>>> print(open('data.tsv').read())   # TSV, C-alpha atoms and all ligand atoms
chain	number	residue	atom	x	y	z
A	131	MET	CA	0.00	0.00	0.00
A	132	ASP	CA	1.47	3.29	-1.08
A	133	ILE	CA	1.13	6.07	1.45
A	134	ILE	CA	0.57	9.49	-0.15
A	135	LEU	CA	0.10	11.50	3.04
A	136	GLN	CA	1.28	10.88	6.56
A	137	THR	CA	1.12	13.08	9.63
A	138	ASN	CA	2.87	12.73	12.94
A	139	LYS	CA	1.29	14.44	15.95
A	140	LEU	CA	0.10	17.37	13.87
A	141	THR	CA	-1.07	20.09	16.23
A	142	LYS	CA	-2.54	23.59	15.99
A	143	THR	CA	-3.18	25.82	18.94
A	144	PHE	CA	-4.60	29.27	18.27
A	145	ALA	CA	-3.51	32.01	20.64
A	146	GLY	CA	-6.41	33.36	22.62
A	147	LYS	CA	-8.03	36.66	21.82
A	148	GLY	CA	-10.00	39.03	23.99
A	149	ARG	CA	-9.66	39.62	27.70
A	150	GLN	CA	-9.58	36.01	28.80
A	151	LYS	CA	-6.96	35.01	26.22
A	152	LYS	CA	-8.23	31.46	26.18
A	153	LYS	CA	-6.20	29.28	23.83
A	154	VAL	CA	-8.02	27.13	21.29
A	155	GLU	CA	-6.53	23.68	20.79
A	156	ALA	CA	-8.07	23.16	17.38
A	157	VAL	CA	-6.01	20.10	16.33
A	158	LYS	CA	-4.42	17.92	19.00
A	159	GLY	CA	-1.68	15.60	17.80
A	160	VAL	CA	-3.34	14.08	14.77
A	161	ASP	CA	-1.77	10.96	13.18
A	162	LEU	CA	-3.11	10.12	9.73
A	163	GLN	CA	-2.14	7.91	6.83
A	164	VAL	CA	-3.81	8.34	3.48
A	165	HIS	CA	-3.37	5.60	0.86
A	166	LYS	CA	-2.64	6.44	-2.74
A	167	GLY	CA	-5.74	6.28	-4.93
A	168	GLU	CA	-8.37	6.25	-2.20
A	169	ILE	CA	-11.15	8.64	-1.26
A	170	PHE	CA	-10.33	9.43	2.34
A	171	GLY	CA	-13.02	11.03	4.47
A	172	PHE	CA	-12.51	13.30	7.44
A	173	LEU	CA	-15.82	13.18	9.30
A	174	GLY	CA	-16.69	15.40	12.23
A	175	PRO	CA	-19.10	18.03	13.52
A	176	ASN	CA	-18.64	21.79	13.14
A	177	GLY	CA	-15.61	23.02	15.04
A	178	ALA	CA	-13.95	19.57	15.18
A	179	GLY	CA	-10.76	20.83	13.52
A	180	LYS	CA	-11.28	19.66	9.93
A	181	THR	CA	-10.56	22.93	8.11
A	182	THR	CA	-7.62	23.73	10.39
A	183	THR	CA	-6.09	20.34	9.55
A	184	LEU	CA	-6.62	20.88	5.81
A	185	ASN	CA	-5.14	24.36	6.00
A	186	MET	CA	-2.01	22.89	7.56
A	187	LEU	CA	-1.77	20.04	5.06
A	188	THR	CA	-2.10	22.46	2.14
A	189	THR	CA	0.65	24.77	3.54
A	190	LEU	CA	-1.72	27.67	4.23
A	191	LEU	CA	-1.32	27.49	7.99
A	192	ALA	CA	1.82	26.68	9.98
A	193	PRO	CA	1.40	23.84	12.48
A	194	THR	CA	2.15	24.62	16.13
A	195	SER	CA	3.98	21.29	16.31
A	196	GLY	CA	4.20	17.93	14.62
A	197	GLU	CA	5.12	17.04	11.07
A	198	ALA	CA	3.73	15.67	7.85
A	199	THR	CA	4.84	14.20	4.56
A	200	VAL	CA	2.57	15.10	1.66
A	201	VAL	CA	3.10	13.50	-1.78
A	202	GLY	CA	6.61	12.51	-0.74
A	203	HIS	CA	7.67	15.96	0.45
A	204	ASP	CA	8.19	17.28	3.93
A	205	LEU	CA	5.42	19.77	4.63
A	206	LEU	CA	7.60	22.10	6.68
A	207	LYS	CA	10.88	21.86	4.80
A	208	ASN	CA	9.50	21.76	1.28
A	209	PRO	CA	6.12	23.52	1.12
A	210	GLN	CA	6.66	24.67	-2.46
A	211	LYS	CA	7.02	21.07	-3.69
A	212	VAL	CA	3.91	20.07	-1.74
A	213	ARG	CA	1.94	22.90	-3.35
A	214	GLU	CA	2.93	21.82	-6.86
A	215	HIS	CA	1.37	18.40	-6.45
A	216	ILE	CA	-1.81	19.11	-4.55
A	217	GLY	CA	-5.11	20.79	-5.28
A	218	TYR	CA	-7.32	22.48	-2.69
A	219	VAL	CA	-10.98	23.35	-3.01
A	220	SER	CA	-11.81	25.35	0.09
A	221	GLN	CA	-15.32	25.65	1.48
A	222	ALA	CA	-15.65	29.12	0.00
A	223	GLY	CA	-14.22	28.02	-3.35
A	224	GLY	CA	-11.67	29.88	-5.41
A	225	ALA	CA	-13.75	31.36	-8.21
A	226	ASP	CA	-13.83	35.05	-9.08
A	227	THR	CA	-17.57	35.57	-9.22
A	228	SER	CA	-17.30	38.63	-11.47
A	229	ALA	CA	-15.76	36.45	-14.20
A	230	THR	CA	-17.15	33.58	-16.27
A	231	ALA	CA	-16.20	29.93	-15.73
A	232	LYS	CA	-14.07	30.04	-18.83
A	233	GLU	CA	-12.23	33.20	-17.72
A	234	ASN	CA	-11.66	31.71	-14.27
A	235	LEU	CA	-10.22	28.52	-15.73
A	236	VAL	CA	-7.94	30.32	-18.19
A	237	LEU	CA	-6.62	32.58	-15.44
A	238	GLN	CA	-5.99	29.63	-13.14
A	239	SER	CA	-3.97	27.86	-15.86
A	240	ARG	CA	-1.98	31.00	-16.57
A	241	LEU	CA	-1.16	31.27	-12.84
A	242	TYR	CA	0.35	27.79	-13.11
A	243	GLY	CA	2.48	28.98	-16.03
A	244	ILE	CA	0.52	27.24	-18.76
A	245	PRO	CA	0.83	29.13	-22.10
A	246	SER	CA	-2.22	31.03	-23.29
A	247	ALA	CA	-3.29	28.81	-26.22
A	248	GLU	CA	-3.02	25.70	-24.08
A	249	ALA	CA	-4.85	27.42	-21.23
A	250	PHE	CA	-7.82	28.09	-23.52
A	251	LYS	CA	-7.86	24.51	-24.71
A	252	LYS	CA	-7.73	23.25	-21.16
A	253	ALA	CA	-10.60	25.52	-20.14
A	254	GLU	CA	-12.74	24.14	-22.98
A	255	MET	CA	-11.87	20.62	-21.97
A	256	LEU	CA	-12.78	21.20	-18.31
A	257	ILE	CA	-16.02	22.97	-19.23
A	258	ASP	CA	-16.91	19.92	-21.27
A	259	ARG	CA	-15.87	17.44	-18.62
A	260	PHE	CA	-17.80	19.12	-15.81
A	261	GLN	CA	-20.81	19.81	-18.02
A	262	MET	CA	-20.57	23.57	-17.68
A	263	LYS	CA	-21.33	24.42	-21.33
A	264	GLU	CA	-24.78	25.70	-20.50
A	265	PHE	CA	-23.52	28.39	-18.14
A	266	GLY	CA	-19.74	28.58	-18.79
A	267	ASP	CA	-19.99	31.96	-20.53
A	268	ARG	CA	-22.03	33.58	-17.76
A	269	LYS	CA	-20.51	35.33	-14.76
A	270	ALA	CA	-20.01	32.95	-11.85
A	271	ARG	CA	-22.10	35.08	-9.51
A	272	THR	CA	-25.20	33.96	-11.43
A	273	TYR	CA	-24.56	30.24	-10.82
A	274	SER	CA	-26.58	27.89	-8.63
A	275	GLY	CA	-24.83	26.25	-5.69
A	276	GLY	CA	-24.18	23.07	-7.65
A	277	GLN	CA	-22.84	24.96	-10.67
A	278	ARG	CA	-20.48	26.99	-8.47
A	279	ARG	CA	-19.15	23.81	-6.86
A	280	ARG	CA	-18.44	22.28	-10.26
A	281	LEU	CA	-16.40	25.34	-11.23
A	282	ASP	CA	-14.58	25.31	-7.87
A	283	LEU	CA	-13.65	21.67	-8.41
A	284	ALA	CA	-12.48	22.28	-11.98
A	285	LEU	CA	-10.31	25.17	-10.72
A	286	GLY	CA	-8.79	22.90	-8.08
A	287	ILE	CA	-7.56	20.32	-10.60
A	288	VAL	CA	-6.36	22.53	-13.47
A	289	HIS	CA	-2.73	21.61	-12.76
A	290	LYS	CA	-3.48	17.87	-12.53
A	291	PRO	CA	-2.63	17.36	-8.86
A	292	VAL	CA	-2.11	13.80	-7.63
A	293	LEU	CA	-3.84	14.61	-4.34
A	294	VAL	CA	-6.83	16.90	-4.02
A	295	PHE	CA	-8.30	18.28	-0.79
A	296	LEU	CA	-12.00	19.13	-0.72
A	297	ASP	CA	-13.37	20.97	2.31
A	298	GLU	CA	-17.04	20.12	2.84
A	299	PRO	CA	-17.60	19.89	-0.92
A	300	THR	CA	-21.36	19.40	-0.80
A	301	THR	CA	-22.42	21.49	2.19
A	302	GLY	CA	-25.56	23.44	1.36
A	303	LEU	CA	-26.30	21.57	-1.86
A	304	ASP	CA	-29.69	20.00	-2.50
A	305	PRO	CA	-29.75	16.16	-2.58
A	306	GLN	CA	-29.72	15.99	-6.37
A	307	SER	CA	-26.71	18.28	-6.78
A	308	ARG	CA	-25.00	16.40	-3.99
A	309	ALA	CA	-25.48	13.06	-5.75
A	310	TYR	CA	-24.19	14.58	-8.96
A	311	PHE	CA	-21.14	15.93	-7.17
A	312	TRP	CA	-20.41	12.54	-5.59
A	313	GLU	CA	-20.18	11.10	-9.09
A	314	GLU	CA	-17.67	13.80	-10.03
A	315	ILE	CA	-15.56	12.95	-6.98
A	316	LYS	CA	-15.65	9.26	-7.90
A	317	ARG	CA	-14.50	10.22	-11.37
A	318	LEU	CA	-11.42	11.93	-9.92
A	319	LYS	CA	-10.58	8.68	-8.19
A	320	ASN	CA	-11.12	6.70	-11.41
A	321	ASP	CA	-8.68	9.07	-13.10
A	322	GLY	CA	-6.07	8.06	-10.53
A	323	MET	CA	-6.29	10.99	-8.14
A	324	THR	CA	-6.29	10.60	-4.38
A	325	VAL	CA	-9.09	12.55	-2.70
A	326	PHE	CA	-9.04	13.82	0.88
A	327	LEU	CA	-12.40	15.33	1.78
A	328	THR	CA	-13.96	16.67	4.94
A	329	THR	CA	-17.63	16.32	5.69
A	330	HIS	CA	-20.16	16.39	8.47
A	331	TYR	CA	-22.60	14.32	6.41
A	332	LEU	CA	-22.75	10.68	7.50
A	333	GLU	CA	-24.26	9.66	4.15
A	334	GLU	CA	-21.42	11.30	2.29
A	335	ALA	CA	-18.77	9.44	4.27
A	336	ASP	CA	-20.72	6.20	3.93
A	337	ASN	CA	-21.42	6.43	0.19
A	338	LEU	CA	-18.25	7.94	-1.09
A	339	CYS	CA	-15.25	7.19	1.09
A	340	ASP	CA	-13.01	4.12	1.04
A	341	ARG	CA	-11.79	4.92	4.53
A	342	VAL	CA	-12.94	7.40	7.11
A	343	ALA	CA	-11.26	9.13	10.04
A	344	ILE	CA	-13.65	10.47	12.64
A	345	ILE	CA	-12.46	13.68	14.30
A	346	ASP	CA	-13.98	15.26	17.38
A	347	HIS	CA	-12.59	18.15	19.45
A	348	GLY	CA	-9.35	18.07	17.48
A	349	GLU	CA	-8.69	14.38	18.05
A	350	ILE	CA	-9.03	11.32	15.83
A	351	VAL	CA	-11.35	8.88	17.57
A	352	ALA	CA	-11.52	6.19	14.87
A	353	VAL	CA	-10.05	5.36	11.45
A	354	ASP	CA	-11.06	2.49	9.18
A	355	THR	CA	-13.22	1.48	6.25
A	356	THR	CA	-16.87	2.30	6.87
A	357	GLN	CA	-17.75	-1.43	6.85
A	358	GLN	CA	-15.09	-2.19	9.44
A	359	LEU	CA	-16.12	0.72	11.67
A	360	LYS	CA	-19.72	-0.46	11.68
A	361	LYS	CA	-18.75	-4.09	12.20
A	362	GLN	CA	-16.93	-3.21	15.42
A	363	ILE	CA	-20.18	-1.87	16.82
A	364	GLY	CA	-22.03	-5.18	16.79
A	365	ALA	CA	-24.49	-6.77	14.44
A	366	GLU	CA	-27.65	-4.78	15.16
A	367	SER	CA	-28.85	-1.96	17.33
A	368	ILE	CA	-32.10	-1.72	19.27
A	369	THR	CA	-33.05	1.82	20.27
A	370	VAL	CA	-35.54	2.19	23.10
A	371	GLY	CA	-37.05	5.57	23.93
A	372	PHE	CA	-38.58	6.66	27.25
A	373	SER	CA	-40.67	9.63	28.30
A	374	ASN	CA	-38.39	10.90	31.06
A	375	ASP	CA	-34.98	10.65	32.75
A	376	ALA	CA	-36.18	8.52	35.62
A	377	ALA	CA	-37.55	5.84	33.31
A	378	THR	CA	-34.37	5.92	31.24
A	379	GLU	CA	-32.22	5.48	34.35
A	380	LYS	CA	-34.36	2.62	35.64
A	381	ALA	CA	-34.27	0.89	32.26
A	382	LYS	CA	-30.52	1.28	32.10
A	383	ALA	CA	-30.18	-0.40	35.48
A	384	ALA	CA	-32.51	-3.23	34.44
A	385	LEU	CA	-30.75	-3.89	31.13
A	386	SER	CA	-27.12	-3.29	32.07
A	387	GLY	CA	-26.51	-6.75	33.43
A	388	GLN	CA	-28.10	-8.66	30.53
A	389	LYS	CA	-25.60	-10.97	28.84
A	390	PHE	CA	-27.17	-10.69	25.38
A	391	ILE	CA	-26.47	-6.95	25.27
A	392	GLU	CA	-22.94	-6.43	23.98
A	393	LYS	CA	-22.89	-2.69	24.54
A	394	LEU	CA	-25.34	-0.23	25.97
A	395	PHE	CA	-25.26	3.52	25.36
A	396	PRO	CA	-27.63	6.03	26.92
A	397	GLN	CA	-28.37	9.19	24.95
A	398	GLU	CA	-30.83	11.65	26.43
A	399	ASN	CA	-34.07	9.69	26.91
A	400	LYS	CA	-32.94	6.82	24.74
A	401	LEU	CA	-30.95	3.66	25.21
A	402	HIS	CA	-28.98	2.17	22.34
A	403	LEU	CA	-28.50	-1.57	22.77
A	404	TYR	CA	-26.03	-3.34	20.50
A	405	VAL	CA	-26.86	-7.01	20.06
A	406	GLN	CA	-26.27	-9.93	17.67
A	407	ASP	CA	-29.86	-10.81	16.77
A	408	GLY	CA	-32.13	-7.84	17.29
A	409	GLY	CA	-35.29	-9.35	15.83
A	410	SER	CA	-35.53	-12.14	18.34
A	411	LEU	CA	-34.18	-10.09	21.27
A	412	MET	CA	-36.58	-7.15	21.00
A	413	PRO	CA	-39.42	-9.05	22.75
A	414	GLU	CA	-36.96	-10.04	25.48
A	415	VAL	CA	-36.04	-6.39	26.05
A	416	LEU	CA	-39.71	-5.46	26.29
A	417	ARG	CA	-40.35	-8.31	28.72
A	418	ILE	CA	-37.56	-7.18	31.04
A	419	LEU	CA	-38.77	-3.58	31.02
A	420	ASP	CA	-42.39	-4.63	31.52
A	421	LYS	CA	-41.42	-6.70	34.54
A	422	GLU	CA	-39.94	-3.56	36.11
A	423	ASN	CA	-43.00	-1.52	35.17
A	424	ILE	CA	-41.01	0.76	32.91
A	425	GLN	CA	-43.04	2.41	30.17
A	426	VAL	CA	-41.49	2.23	26.72
A	427	GLN	CA	-42.34	5.06	24.36
A	428	THR	CA	-40.58	3.92	21.21
A	429	ILE	CA	-38.56	0.93	20.13
A	430	GLY	CA	-36.74	0.40	16.87
A	431	LEU	CA	-34.27	-1.94	15.24
A	432	SER	CA	-31.54	-0.96	12.79
A	433	LYS	CA	-28.20	-1.97	11.36
A	434	PRO	CA	-25.40	0.03	12.97
A	435	SER	CA	-24.67	3.23	11.06
A	436	LEU	CA	-21.69	5.56	11.14
A	437	ASP	CA	-23.72	7.61	13.59
A	438	ASP	CA	-23.69	4.66	15.99
A	439	VAL	CA	-19.91	4.60	15.61
A	440	PHE	CA	-19.74	8.33	16.33
A	441	LEU	CA	-22.03	7.92	19.31
A	442	GLN	CA	-19.93	5.14	20.81
A	443	LYS	CA	-16.67	6.99	20.30
A	444	THR	CA	-17.81	10.42	21.49
A	445	GLY	CA	-20.95	9.91	23.55
A	446	ARG	CA	-22.88	12.18	21.17
A	447	SER	CA	-24.83	11.66	18.00
A	448	LEU	CA	-23.44	13.42	14.93
A	449	ARG	CA	-26.90	13.52	13.42
A	450	GLU	CA	-28.07	15.47	16.42
A	451	ALA	CA	-24.89	17.49	17.04
A	452	GLY	CA	-26.54	20.51	15.46
A	453	VAL	CA	-24.33	20.75	12.40
B	1	LIG	N1	-8.00	31.61	13.24
B	1	LIG	C1	-8.55	31.06	14.33
B	1	LIG	N2	-8.37	31.63	15.56
B	1	LIG	C2	-8.90	31.07	16.67
B	1	LIG	N3	-9.63	29.92	16.68
B	1	LIG	C3	-9.84	29.32	15.49
B	1	LIG	C4	-9.33	29.84	14.25
B	1	LIG	N4	-9.70	29.02	13.26
B	1	LIG	C5	-10.43	28.03	13.82
B	1	LIG	N5	-10.52	28.21	15.16
B	1	LIG	C6	-11.21	27.32	16.12
B	1	LIG	O1	-10.63	26.04	15.99
B	1	LIG	C7	-11.63	25.02	16.13
B	1	LIG	C8	-11.65	24.16	14.89
B	1	LIG	O2	-12.14	24.91	13.79
B	1	LIG	P1	-12.24	24.33	12.31
B	1	LIG	O3	-10.95	23.69	11.97
B	1	LIG	O4	-12.70	25.42	11.44
B	1	LIG	O5	-13.36	23.20	12.47
B	1	LIG	P2	-14.25	22.46	11.36
B	1	LIG	O6	-13.66	22.77	10.02
B	1	LIG	O7	-14.19	21.03	11.72
B	1	LIG	O8	-15.64	23.00	11.52
B	1	LIG	C9	-12.92	25.75	16.40
B	1	LIG	O9	-13.11	25.81	17.78
B	1	LIG	C10	-12.67	27.13	15.83
B	1	LIG	O10	-13.46	28.10	16.47
B	2	MG	MG	-14.61	23.61	8.36
>>> encode(input="data.tsv", output="structure tokens", more="lines below")
Ligand SMILES: Nc1ncnc2c1ncn2[C@@H]1O[C@H](COP(=O)(O)OP(=O)(O)O)[C@@H](O)[C@H]1O
Ligand SMILES: [Mg+2]
Amino acid sequence: MDIILQTNKLTKTFAGKGRQKKKVEAVKGVDLQVHKGEIFGFLGPNGAGKTTTLNMLTTLLAPTSGEATVVGHDLLKNPQKVREHIGYVSQAGGADTSATAKENLVLQSRLYGIPSAEAFKKAEMLIDRFQMKEFGDRKARTYSGGQRRRLDLALGIVHKPVLVFLDEPTTGLDPQSRAYFWEEIKRLKNDGMTVFLTTHYLEEADNLCDRVAIIDHGEIVAVDTTQQLKKQIGAESITVGFSNDAATEKAKAALSGQKFIEKLFPQENKLHLYVQDGGSLMPEVLRILDKENIQVQTIGLSKPSLDDVFLQKTGRSLREAGV
């Protein structure tokens, strides 16, 4: 397995502002390995440290400590070499909205030293590839969210990087544009590029990424393929909901000792029970709770999701983390 990116205890602490001068430890000693050719996902809620990490890996922000090797070059000693081989599509995107897609693409090529005639050809080619013909001669400020993202992506790969960083590429897009964009990202991979993307969408990590690192409060809490992460959780999850804290507490006490429950996680007025055979164990759970006179409000059975993984690793649900 070829490693295209590796970090060693990468850390960023922002100096505090204001009267209290409270430091922000945005990224706390992150160790990552990204394999060549994969779509690597960096999944975490708002404020987890995703953008800060990307800004360091793309040489825009100096780490407080730690080191990294990106496409074979030392991030700190050789930032120029790193920059030559990577692409970065930030959350805001890099397009000049007062110019057309074509003008943006030509300018970007020229910035990379590509001669004018070739730059025009390349712009045409990218407009074709990202299906921007319909709007490519209009100013970018008139584009829909999905159209803007397509242009941002095209701008990020003008110089044919081997590794491209995408920061929350589909945030704010409607489901259809998101699905379309996922196909574009898969196409980058099929063309041989390695993709490192951040997201707070569970579905995005699940559908798109070969491997996922989960980051929370600046720390990596899990890294693996999505299948493997879910497998560690247990075969199935039963979620039981109660009407108040007292009932939840009582139920927790009643169920904690049960051998058939592999793991039990409380979350507000719910209990998540991870078991091998949920279908046949659900009646058993109800029987136990009934015996203790505990009223059940809801009960459901599901296959473990990445949200279950997040919940087990952080004690919170990403779906409900308010992102
Ligand atoms: N320039 C900065 N100065 C101070 N704090 C910052 C700065 N940039 C980010 N932070 C803080 O660092 C933490 C991580 O932010 P960020 O990397 O943007 O998270 P994410 O991209 O996962 O939403 C947050 O608490 C954020 O407020
Ligand atoms: Mg961010």
>>> residues_near_point(input="data.tsv", point="(-44.1, 2.6, 31.6)", cutoff="12 Å", atoms="all atoms listed in the file", output="ChimeraX atom specification")
/A:371-374,376-378,380-381,416-428
>>> atom_distance(input="data.tsv", atom1="atom CA of A:Tyr273", atom2="atom CA of A:Gly217")
22.3 Å
>>> closest_residue(input="data.tsv", among="A:Glu349, A:Glu366, A:Glu392, A:Asp354", to="ligand LIG 1 (chain B)", atoms="only C-alpha atoms and all ligand atoms")
A:Glu349
>>> residues_near_ligand(input="data.tsv", ligand="ligand LIG 1 (chain B)", cutoff="6 Å", atoms="all atoms listed in the file", output="PyMOL selection string")
chain A and resi 144+154+156+176-182
>>> residues_near_ligand(input="data.tsv", ligand="ligand MG 2 (chain B)", cutoff="12 Å", atoms="only C-alpha atoms and all ligand atoms", output="mmCIF file with C-alpha atoms, in the coordinates of the input")
data_model
loop_
_atom_site.group_PDB
_atom_site.id
_atom_site.type_symbol
_atom_site.label_atom_id
_atom_site.label_comp_id
_atom_site.auth_asym_id
_atom_site.auth_seq_id
_atom_site.Cartn_x
_atom_site.Cartn_y
_atom_site.Cartn_z
ATOM 1 C CA ALA A 156 -8.070 23.160 17.380
ATOM 2 C CA PHE A 172 -12.510 13.300 7.440
ATOM 3 C CA LEU A 173 -15.820 13.180 9.300
ATOM 4 C CA GLY A 174 -16.690 15.400 12.230
ATOM 5 C CA PRO A 175 -19.100 18.030 13.520
ATOM 6 C CA ASN A 176 -18.640 21.790 13.140
ATOM 7 C CA GLY A 177 -15.610 23.020 15.040
ATOM 8 C CA ALA A 178 -13.950 19.570 15.180
ATOM 9 C CA GLY A 179 -10.760 20.830 13.520
ATOM 10 C CA LYS A 180 -11.280 19.660 9.930
ATOM 11 C CA THR A 181 -10.560 22.930 8.110
ATOM 12 C CA THR A 182 -7.620 23.730 10.390
ATOM 13 C CA THR A 183 -6.090 20.340 9.550
ATOM 14 C CA LEU A 184 -6.620 20.880 5.810
ATOM 15 C CA ASN A 185 -5.140 24.360 6.000
ATOM 16 C CA VAL A 219 -10.980 23.350 -3.010
ATOM 17 C CA SER A 220 -11.810 25.350 0.090
ATOM 18 C CA GLN A 221 -15.320 25.650 1.480
ATOM 19 C CA ALA A 222 -15.650 29.120 0.000
ATOM 20 C CA LEU A 296 -12.000 19.130 -0.720
ATOM 21 C CA ASP A 297 -13.370 20.970 2.310
ATOM 22 C CA GLU A 298 -17.040 20.120 2.840
ATOM 23 C CA PRO A 299 -17.600 19.890 -0.920
ATOM 24 C CA THR A 301 -22.420 21.490 2.190
ATOM 25 C CA LEU A 327 -12.400 15.330 1.780
ATOM 26 C CA THR A 328 -13.960 16.670 4.940
ATOM 27 C CA THR A 329 -17.630 16.320 5.690
ATOM 28 C CA HIS A 330 -20.160 16.390 8.470
ATOM 29 C CA ILE A 345 -12.460 13.680 14.300
ATOM 30 C CA GLY A 348 -9.350 18.070 17.480
ATOM 31 C CA VAL A 453 -24.330 20.750 12.400
#
>>> closest_residue(input="data.tsv", among="A:Lys152, A:Glu264, A:Gly408, A:Ser274", to="A:Asp304", atoms="only C-alpha atoms")
A:Ser274
